[in-house]
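**Student:** Enclosed is the structure file target33.cif (mmCIF, C-alpha atoms).
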data_structure
#
loop_
_atom_site.label_atom_id
_atom_site.label_comp_id
_atom_site.auth_asym_id
_atom_site.auth_seq_id
_atom_site.Cartn_x
_atom_site.Cartn_y
_atom_site.Cartn_z
CA MET A 280 -73.83 -56.08 65.88
CA THR A 281 -73.67 -54.97 62.26
CA VAL A 282 -75.87 -52.07 61.14
CA PRO A 283 -76.84 -52.95 57.58
CA ALA A 284 -76.74 -50.51 54.71
CA LEU A 285 -80.03 -49.81 52.90
CA GLY A 286 -80.29 -50.18 49.14
CA LEU A 287 -82.98 -50.14 46.46
CA GLN A 288 -83.32 -52.75 43.73
CA LEU A 289 -83.75 -50.49 40.72
CA TYR A 290 -86.18 -52.98 39.15
CA THR A 291 -88.68 -51.34 41.52
CA ALA A 292 -88.45 -48.10 39.53
CA ARG A 293 -88.22 -49.47 35.98
CA HIS A 294 -91.46 -47.66 35.05
CA ALA A 295 -90.74 -44.41 36.91
CA GLY A 296 -90.54 -42.43 33.66
CA VAL A 297 -87.51 -40.37 34.65
CA SER A 298 -83.91 -40.25 33.49
CA LEU A 299 -81.23 -42.31 35.20
CA ASP A 300 -79.77 -39.24 36.90
CA GLU A 301 -83.21 -38.14 38.09
CA LEU A 302 -83.97 -41.61 39.43
CA LEU A 303 -80.68 -41.90 41.31
CA ALA A 304 -81.16 -38.42 42.78
CA ALA A 305 -84.60 -39.50 44.05
CA VAL A 306 -83.11 -42.67 45.54
CA ALA A 307 -80.45 -40.67 47.35
CA ALA A 308 -82.97 -38.10 48.57
CA ALA A 309 -85.12 -40.90 50.01
CA GLY A 310 -82.23 -41.89 52.28
CA TYR A 311 -80.84 -44.99 50.61
CA ASP A 312 -77.14 -45.75 50.89
CA GLY A 313 -76.96 -47.42 47.50
CA VAL A 314 -78.65 -49.50 44.85
CA GLU A 315 -78.78 -52.96 43.38
CA THR A 316 -78.87 -52.76 39.60
CA VAL A 317 -80.43 -54.77 36.82
CA GLY A 318 -77.26 -55.47 34.87
CA THR A 319 -75.83 -52.09 33.98
CA GLN A 320 -79.25 -50.43 33.62
CA GLY A 321 -79.01 -50.35 29.85
CA VAL A 322 -76.04 -47.98 29.76
CA ALA A 323 -72.29 -48.43 29.52
CA PRO A 324 -70.71 -49.60 32.79
CA ALA A 325 -68.60 -46.46 33.08
CA ALA A 326 -71.67 -44.25 32.54
CA LEU A 327 -73.55 -46.00 35.34
CA ARG A 328 -70.50 -45.84 37.61
CA ASP A 329 -70.27 -42.08 37.05
CA ALA A 330 -74.03 -41.57 37.54
CA LEU A 331 -73.87 -43.36 40.89
CA ALA A 332 -70.93 -41.20 41.92
CA ARG A 333 -72.84 -38.02 41.02
CA ALA A 334 -75.74 -39.17 43.20
CA GLY A 335 -73.46 -40.19 46.06
CA LEU A 336 -74.75 -43.76 46.01
CA ALA A 337 -72.85 -46.99 46.56
CA LEU A 338 -73.32 -50.04 44.38
CA ALA A 339 -74.52 -52.92 46.54
CA SER A 340 -74.78 -55.59 43.86
CA ALA A 341 -75.98 -56.28 40.33
CA HIS A 342 -78.46 -58.83 38.98
CA VAL A 343 -77.04 -60.75 36.02
CA PRO A 344 -78.91 -63.63 34.33
CA LEU A 345 -77.40 -67.09 34.52
CA VAL A 346 -77.42 -67.36 30.73
CA GLU A 347 -75.03 -64.40 30.52
CA LEU A 348 -72.61 -65.95 33.00
CA ARG A 349 -72.67 -69.21 31.09
CA ARG A 350 -72.22 -67.54 27.72
CA ASP A 351 -69.65 -64.84 28.46
CA LEU A 352 -68.21 -64.94 31.96
CA ALA A 353 -65.17 -62.88 30.95
CA GLY A 354 -67.36 -60.18 29.40
CA VAL A 355 -69.60 -60.00 32.46
CA ALA A 356 -66.54 -59.78 34.69
CA ALA A 357 -64.98 -57.00 32.61
CA ALA A 358 -68.17 -54.93 32.65
CA HIS A 359 -68.62 -55.26 36.39
CA ARG A 360 -64.99 -54.55 37.19
CA THR A 361 -65.46 -51.26 35.33
CA LEU A 362 -68.69 -50.58 37.17
CA GLY A 363 -67.16 -51.49 40.52
CA THR A 364 -69.69 -54.19 41.36
CA PRO A 365 -68.79 -56.06 44.57
CA LEU A 366 -71.37 -58.83 44.12
CA VAL A 367 -73.04 -60.36 41.06
CA VAL A 368 -76.42 -61.99 41.79
CA VAL A 369 -78.17 -64.61 39.67
CA PRO A 370 -81.72 -63.26 39.91
CA TRP A 371 -84.01 -65.73 38.14
CA LEU A 372 -84.22 -69.04 36.36
CA ASP A 373 -86.30 -69.38 33.22
CA ALA A 374 -88.60 -72.41 33.19
CA HIS A 375 -86.21 -74.52 31.12
CA GLU A 376 -83.34 -73.76 33.53
CA ARG A 377 -85.16 -74.96 36.65
CA PRO A 378 -84.19 -78.34 38.08
CA THR A 379 -86.98 -80.84 38.60
CA ASP A 380 -85.46 -83.01 41.33
CA VAL A 381 -82.97 -83.00 44.20
CA ALA A 382 -80.11 -84.16 41.99
CA GLY A 383 -80.77 -81.30 39.59
CA TRP A 384 -80.75 -78.68 42.33
CA ALA A 385 -77.51 -80.10 43.70
CA ALA A 386 -75.94 -79.99 40.24
CA LEU A 387 -77.01 -76.37 39.83
CA GLY A 388 -75.50 -75.51 43.20
CA ARG A 389 -72.18 -77.01 42.13
CA GLU A 390 -72.30 -75.16 38.79
CA LEU A 391 -73.01 -71.84 40.51
CA ALA A 392 -70.14 -72.41 42.94
CA ALA A 393 -67.81 -73.07 40.00
CA LEU A 394 -68.96 -69.84 38.36
CA GLY A 395 -68.46 -68.06 41.67
CA GLN A 396 -64.95 -69.40 41.95
CA ALA A 397 -64.17 -68.18 38.44
CA LEU A 398 -65.58 -64.75 39.26
CA GLN A 399 -63.44 -64.60 42.40
CA GLY A 400 -60.44 -64.84 40.11
CA GLU A 401 -61.77 -61.66 38.48
CA GLY A 402 -62.23 -59.86 41.81
CA LEU A 403 -66.00 -60.45 42.01
CA ALA A 404 -68.31 -62.53 44.19
CA LEU A 405 -71.50 -64.43 43.31
CA ALA A 406 -74.85 -64.90 45.07
CA TYR A 407 -78.15 -66.55 44.20
CA HIS A 408 -81.57 -64.87 44.56
CA HIS A 409 -84.66 -67.06 44.85
CA HIS A 410 -88.35 -66.74 44.06
CA ASP A 411 -91.10 -69.16 45.08
CA PHE A 412 -90.32 -72.18 42.92
CA GLU A 413 -87.13 -72.94 44.91
CA LEU A 414 -89.10 -73.13 48.16
CA SER A 415 -91.38 -76.11 47.59
CA GLY A 416 -90.69 -79.58 48.94
CA PRO A 417 -90.38 -81.06 52.43
CA PRO A 418 -88.21 -79.24 55.00
CA GLY A 419 -84.57 -79.75 54.19
CA GLU A 420 -85.29 -80.75 50.61
CA GLU A 421 -86.45 -77.43 49.17
CA GLY A 422 -84.60 -76.57 45.98
CA LEU A 423 -82.95 -73.60 47.63
CA THR A 424 -81.73 -75.71 50.56
CA VAL A 425 -80.32 -78.40 48.29
CA LEU A 426 -78.66 -75.82 46.03
CA ALA A 427 -77.05 -74.07 48.99
CA ASP A 428 -75.88 -77.29 50.63
CA ALA A 429 -74.24 -78.45 47.38
CA ALA A 430 -72.39 -75.18 46.76
CA ASP A 431 -69.15 -74.22 48.46
CA PRO A 432 -70.07 -71.26 50.70
CA ASP A 433 -66.75 -69.64 49.88
CA HIS A 434 -67.90 -69.35 46.25
CA LEU A 435 -71.67 -68.79 46.48
CA THR A 436 -73.71 -66.77 48.95
CA LEU A 437 -77.45 -66.14 49.13
CA GLU A 438 -79.79 -63.23 48.60
CA LEU A 439 -82.93 -64.13 50.52
CA ASP A 440 -86.22 -62.41 49.67
CA THR A 441 -88.71 -61.81 52.49
CA GLY A 442 -91.63 -61.43 50.09
CA TRP A 443 -91.14 -64.72 48.30
CA LEU A 444 -90.50 -66.50 51.58
CA LEU A 445 -93.74 -65.18 53.04
CA ALA A 446 -95.68 -65.90 49.86
CA SER A 447 -94.47 -69.51 50.07
CA GLY A 448 -95.46 -69.94 53.73
CA HIS A 449 -91.96 -69.58 55.19
CA GLU A 450 -90.72 -67.33 57.99
CA PRO A 451 -87.82 -65.11 56.86
CA GLN A 452 -86.27 -65.27 60.32
CA ARG A 453 -86.03 -69.06 60.14
CA TRP A 454 -84.13 -68.92 56.87
CA LEU A 455 -81.83 -66.23 58.22
CA ASP A 456 -81.13 -68.41 61.26
CA ALA A 457 -80.56 -71.47 59.06
CA HIS A 458 -78.09 -69.82 56.68
CA GLY A 459 -76.55 -67.21 58.97
CA SER A 460 -73.54 -65.37 57.62
CA ARG A 461 -74.01 -66.92 54.18
CA VAL A 462 -76.77 -64.37 53.51
CA THR A 463 -74.96 -61.40 52.00
CA ARG A 464 -78.06 -59.54 50.76
CA LEU A 465 -81.67 -59.54 51.97
CA HIS A 466 -84.51 -58.25 49.80
CA LEU A 467 -87.01 -56.39 51.93
CA LYS A 468 -90.29 -57.07 50.18
CA ASP A 469 -93.71 -56.83 51.80
CA LEU A 470 -97.06 -58.29 50.80
CA GLU A 471 -100.72 -58.40 51.68
CA PRO A 472 -102.18 -61.87 51.07
CA GLY A 473 -105.29 -61.75 48.90
CA ASN A 474 -104.07 -58.84 46.83
CA ASP A 475 -103.31 -59.48 43.16
CA PRO A 476 -100.44 -58.91 42.83
CA PRO A 477 -99.76 -59.24 46.57
CA TRP A 478 -96.89 -56.74 46.84
CA VAL A 479 -97.19 -53.58 48.94
CA ASP A 480 -94.78 -50.94 50.19
CA VAL A 481 -92.48 -52.07 52.99
CA GLY A 482 -94.31 -51.55 56.26
CA ASP A 483 -97.80 -51.86 54.78
CA GLY A 484 -98.14 -55.65 54.78
CA VAL A 485 -97.59 -58.73 56.91
CA LEU A 486 -93.78 -58.59 57.05
CA GLU A 487 -92.64 -58.50 60.68
CA LEU A 488 -90.04 -55.90 59.87
CA GLU A 489 -88.54 -55.37 63.31
CA ALA A 490 -88.18 -59.12 63.96
CA VAL A 491 -86.51 -59.60 60.58
CA LEU A 492 -84.13 -56.74 61.26
CA ASP A 493 -83.24 -58.24 64.63
CA ALA A 494 -82.17 -61.42 62.80
CA VAL A 495 -80.31 -59.37 60.20
CA ARG A 496 -78.27 -57.71 62.94
CA VAL A 497 -77.52 -61.00 64.68
CA HIS A 498 -76.26 -62.60 61.49
CA GLY A 499 -74.41 -59.57 60.17
CA VAL A 500 -76.19 -59.21 56.84
CA PRO A 501 -74.41 -56.21 55.29
CA TRP A 502 -77.12 -54.95 52.89
CA LEU A 503 -80.90 -54.70 52.97
CA VAL A 504 -82.35 -54.16 49.51
CA VAL A 505 -85.89 -52.81 49.16
CA GLU A 506 -87.88 -54.22 46.25
CA HIS A 507 -91.47 -53.95 45.00
CA ASP A 508 -92.27 -55.85 41.82
CA ALA A 509 -95.30 -53.84 40.68
CA PRO A 510 -95.66 -50.42 42.32
CA SER A 511 -98.32 -48.10 40.97
CA ASP A 512 -96.15 -45.08 41.82
CA PRO A 513 -92.49 -46.19 41.97
CA LEU A 514 -91.09 -42.94 43.33
CA THR A 515 -93.61 -42.87 46.17
CA THR A 516 -93.00 -46.55 46.90
CA LEU A 517 -89.23 -46.17 47.13
CA ARG A 518 -89.62 -43.20 49.45
CA ARG A 519 -92.24 -44.77 51.75
CA SER A 520 -90.38 -48.07 51.93
CA ALA A 521 -87.15 -46.31 52.89
CA GLU A 522 -88.98 -44.41 55.62
CA ALA A 523 -90.41 -47.62 57.07
CA ALA A 524 -87.08 -49.44 56.94
CA ARG A 525 -85.16 -46.55 58.49
CA ARG A 526 -87.75 -46.19 61.24
CA ALA A 527 -87.48 -49.89 62.12
CA LEU A 528 -83.69 -49.74 62.05
CA ARG A 529 -83.70 -46.81 64.47
CA GLN A 530 -86.00 -48.68 66.85
CA GLY A 531 -83.73 -51.73 66.94
#
Represent the structure from my file as structure tokens, please.

**Tutor:**
Amino acid sequence: MTVPALGLQLYTARHAGVSLDELLAAVAAAGYDGVETVGTQGVAPAALRDALARAGLALASAHVPLVELRRDLAGVAAAHRTLGTPLVVVPWLDAHERPTDVAGWAALGRELAALGQALQGEGLALAYHHHDFELSGPPGEEGLTVLADAADPDHLTLELDTGWLLASGHEPQRWLDAHGSRVTRLHLKDLEPGNDPPWVDVGDGVLELEAVLDAVRVHGVPWLVVEHDAPSDPLTTLRRSAEAARRALRQG
């Protein structure tokens, strides 16, 4: 079975108050294999590529807004070829971009697959990352399910998020079983219901980490990506979450 690599979504550390080189050094020291970026982290693609190399970190994937792919696909592709991004991920839909019915979600799935096919011609792949609004509806008719079913799996994969699944009343393992090898990234996000916001460091909440990792191994998910949307101390959070994830991986 596949042993997944461990990454950090750098959104977690957006308020860390350190330089890019200092942040990447801390990520490497915490035991991560790589990172998932927010675009190019506000620097030139070549500068980010070189900073990752200095830290000895791989680039797992990069979050790129849908509006950028629609507006300038060639420009996005050029930047991420320079950076060496293997996977571009659509991370969020603004309110006006969100479908309101099954037909709309299916249309979005087909559009994303077309964008993914175009990116494949540029040597890149495309995935979609969900939040909670894609998870409402009766079983089999959730926006995320409809989107995925309408999109060619050769052109669009999924980045599931354990935190948003749990927050929406869903079991991460069930979604991993349902989508199997189509899940190319999994956000490891933990929460404690009743907290506001609910997010906690990985290992401190209700996430059944070992059970999720068992499913990850079965389905061959190549990257686990730690994320915390609102840490009070980002550097401590990234370290503690890596420790919890590594400990669970060793026990598997």

**Student:** Could you pull the residues within 7 Å of A:Ala430, counting all atoms listed in the file, minus those fewer than 4 positions along the same chain, as a list in words?

**Tutor:**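 Surrounding residues, per the criterion: Gly388, Arg389, Ala392, Leu426 and Leu435 of chain A.
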
**Student:** Determine the residue set returned by the PyMOL selection byres ((chain A and resi 515) around 12) for the present structure, and present it as a ChimeraX atom specification.

**Tutor:** /A:291-292,295,302,305-306,308-309,479-481,507,510-514,516-522

**Student:** Identify which of the residues A:Pro432, A:Gly484, A:Ala353, A:His466 lies closest to A:Glu315, counting only C-alpha atoms when measuring atom-to-atom distances.

**Tutor:**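 That would be A:His466, the residue with the smallest distance to A:Glu315.
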
**Student:** Which of these, A:Leu486, A:Val425, A:Leu455, A:Val317, has the shortest distance to A:Leu338 once you count only C-alpha atoms?

**Tutor:** A:Val317

**Student:** List the residues matched by the PyMOL selection byres ((chain A and resi 325) around 12) in the displayed structure as a list of chain:residue names, ordered by chain and then by residue number.

**Tutor:**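 When the PyMOL selection byres ((chain A and resi 325) around 12) is applied, the selected residues are A:Thr319, A:Gln320, A:Gly321, A:Val322, A:Ala323, A:Pro324, A:Ala326, A:Leu327, A:Arg328, A:Asp329, A:Ala330, A:Leu331, A:Ala332, A:Ala357, A:Ala358, A:His359, A:Arg360, A:Thr361, A:Leu362, A:Gly363, A:Thr364.
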
**Student:** For A:Val368, which residue among A:Glu390, A:Thr436, A:Leu303, A:Asp428 is the nearest when counting all atoms listed in the file?

**Tutor:**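 Going through A:Glu390, A:Thr436, A:Leu303, A:Asp428 one by one, the smallest distance to A:Val368 is for A:Thr436.
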
**Student:** Using all atoms listed in the file, which residue out of A:Gly335, A:Gly416, A:Gly296, A:Gly286 lies closest to A:Gly313?

**Tutor:**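 The answer is A:Gly286, which sits nearest to A:Gly313.
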
**Student:** Place a sphere of radius 12 Å on (-80.7, -68.1, 59.0) in the file coordinates and name every protein, DNA or RNA residue with an atom inside or on its surface, counting only C-alpha atoms; give the answer as a list in words.

**Tutor:** Thr424, Leu437, Glu438, Leu439, His449, Glu450, Pro451, Gln452, Arg453, Trp454, Leu455, Asp456, Ala457, His458, Gly459, Ser460, Arg461, Val462, Thr463, Leu465, Val491, Asp493, Ala494, Val495, Arg496, Val497, His498, Gly499 and Val500 of chain A

**Student:** Just C-alpha atoms for this one: save the residues we selected as a CSV table (one decimal), in the frame of the given file.

**Tutor:**
chain,number,residue,atom,x,y,z
A,424,THR,CA,-81.7,-75.7,50.6
A,437,LEU,CA,-77.4,-66.1,49.1
A,438,GLU,CA,-79.8,-63.2,48.6
A,439,LEU,CA,-82.9,-64.1,50.5
A,449,HIS,CA,-92.0,-69.6,55.2
A,450,GLU,CA,-90.7,-67.3,58.0
A,451,PRO,CA,-87.8,-65.1,56.9
A,452,GLN,CA,-86.3,-65.3,60.3
A,453,ARG,CA,-86.0,-69.1,60.1
A,454,TRP,CA,-84.1,-68.9,56.9
A,455,LEU,CA,-81.8,-66.2,58.2
A,456,ASP,CA,-81.1,-68.4,61.3
A,457,ALA,CA,-80.6,-71.5,59.1
A,458,HIS,CA,-78.1,-69.8,56.7
A,459,GLY,CA,-76.6,-67.2,59.0
A,460,SER,CA,-73.5,-65.4,57.6
A,461,ARG,CA,-74.0,-66.9,54.2
A,462,VAL,CA,-76.8,-64.4,53.5
A,463,THR,CA,-75.0,-61.4,52.0
A,465,LEU,CA,-81.7,-59.5,52.0
A,491,VAL,CA,-86.5,-59.6,60.6
A,493,ASP,CA,-83.2,-58.2,64.6
A,494,ALA,CA,-82.2,-61.4,62.8
A,495,VAL,CA,-80.3,-59.4,60.2
A,496,ARG,CA,-78.3,-57.7,62.9
A,497,VAL,CA,-77.5,-61.0,64.7
A,498,HIS,CA,-76.3,-62.6,61.5
A,499,GLY,CA,-74.4,-59.6,60.2
A,500,VAL,CA,-76.2,-59.2,56.8
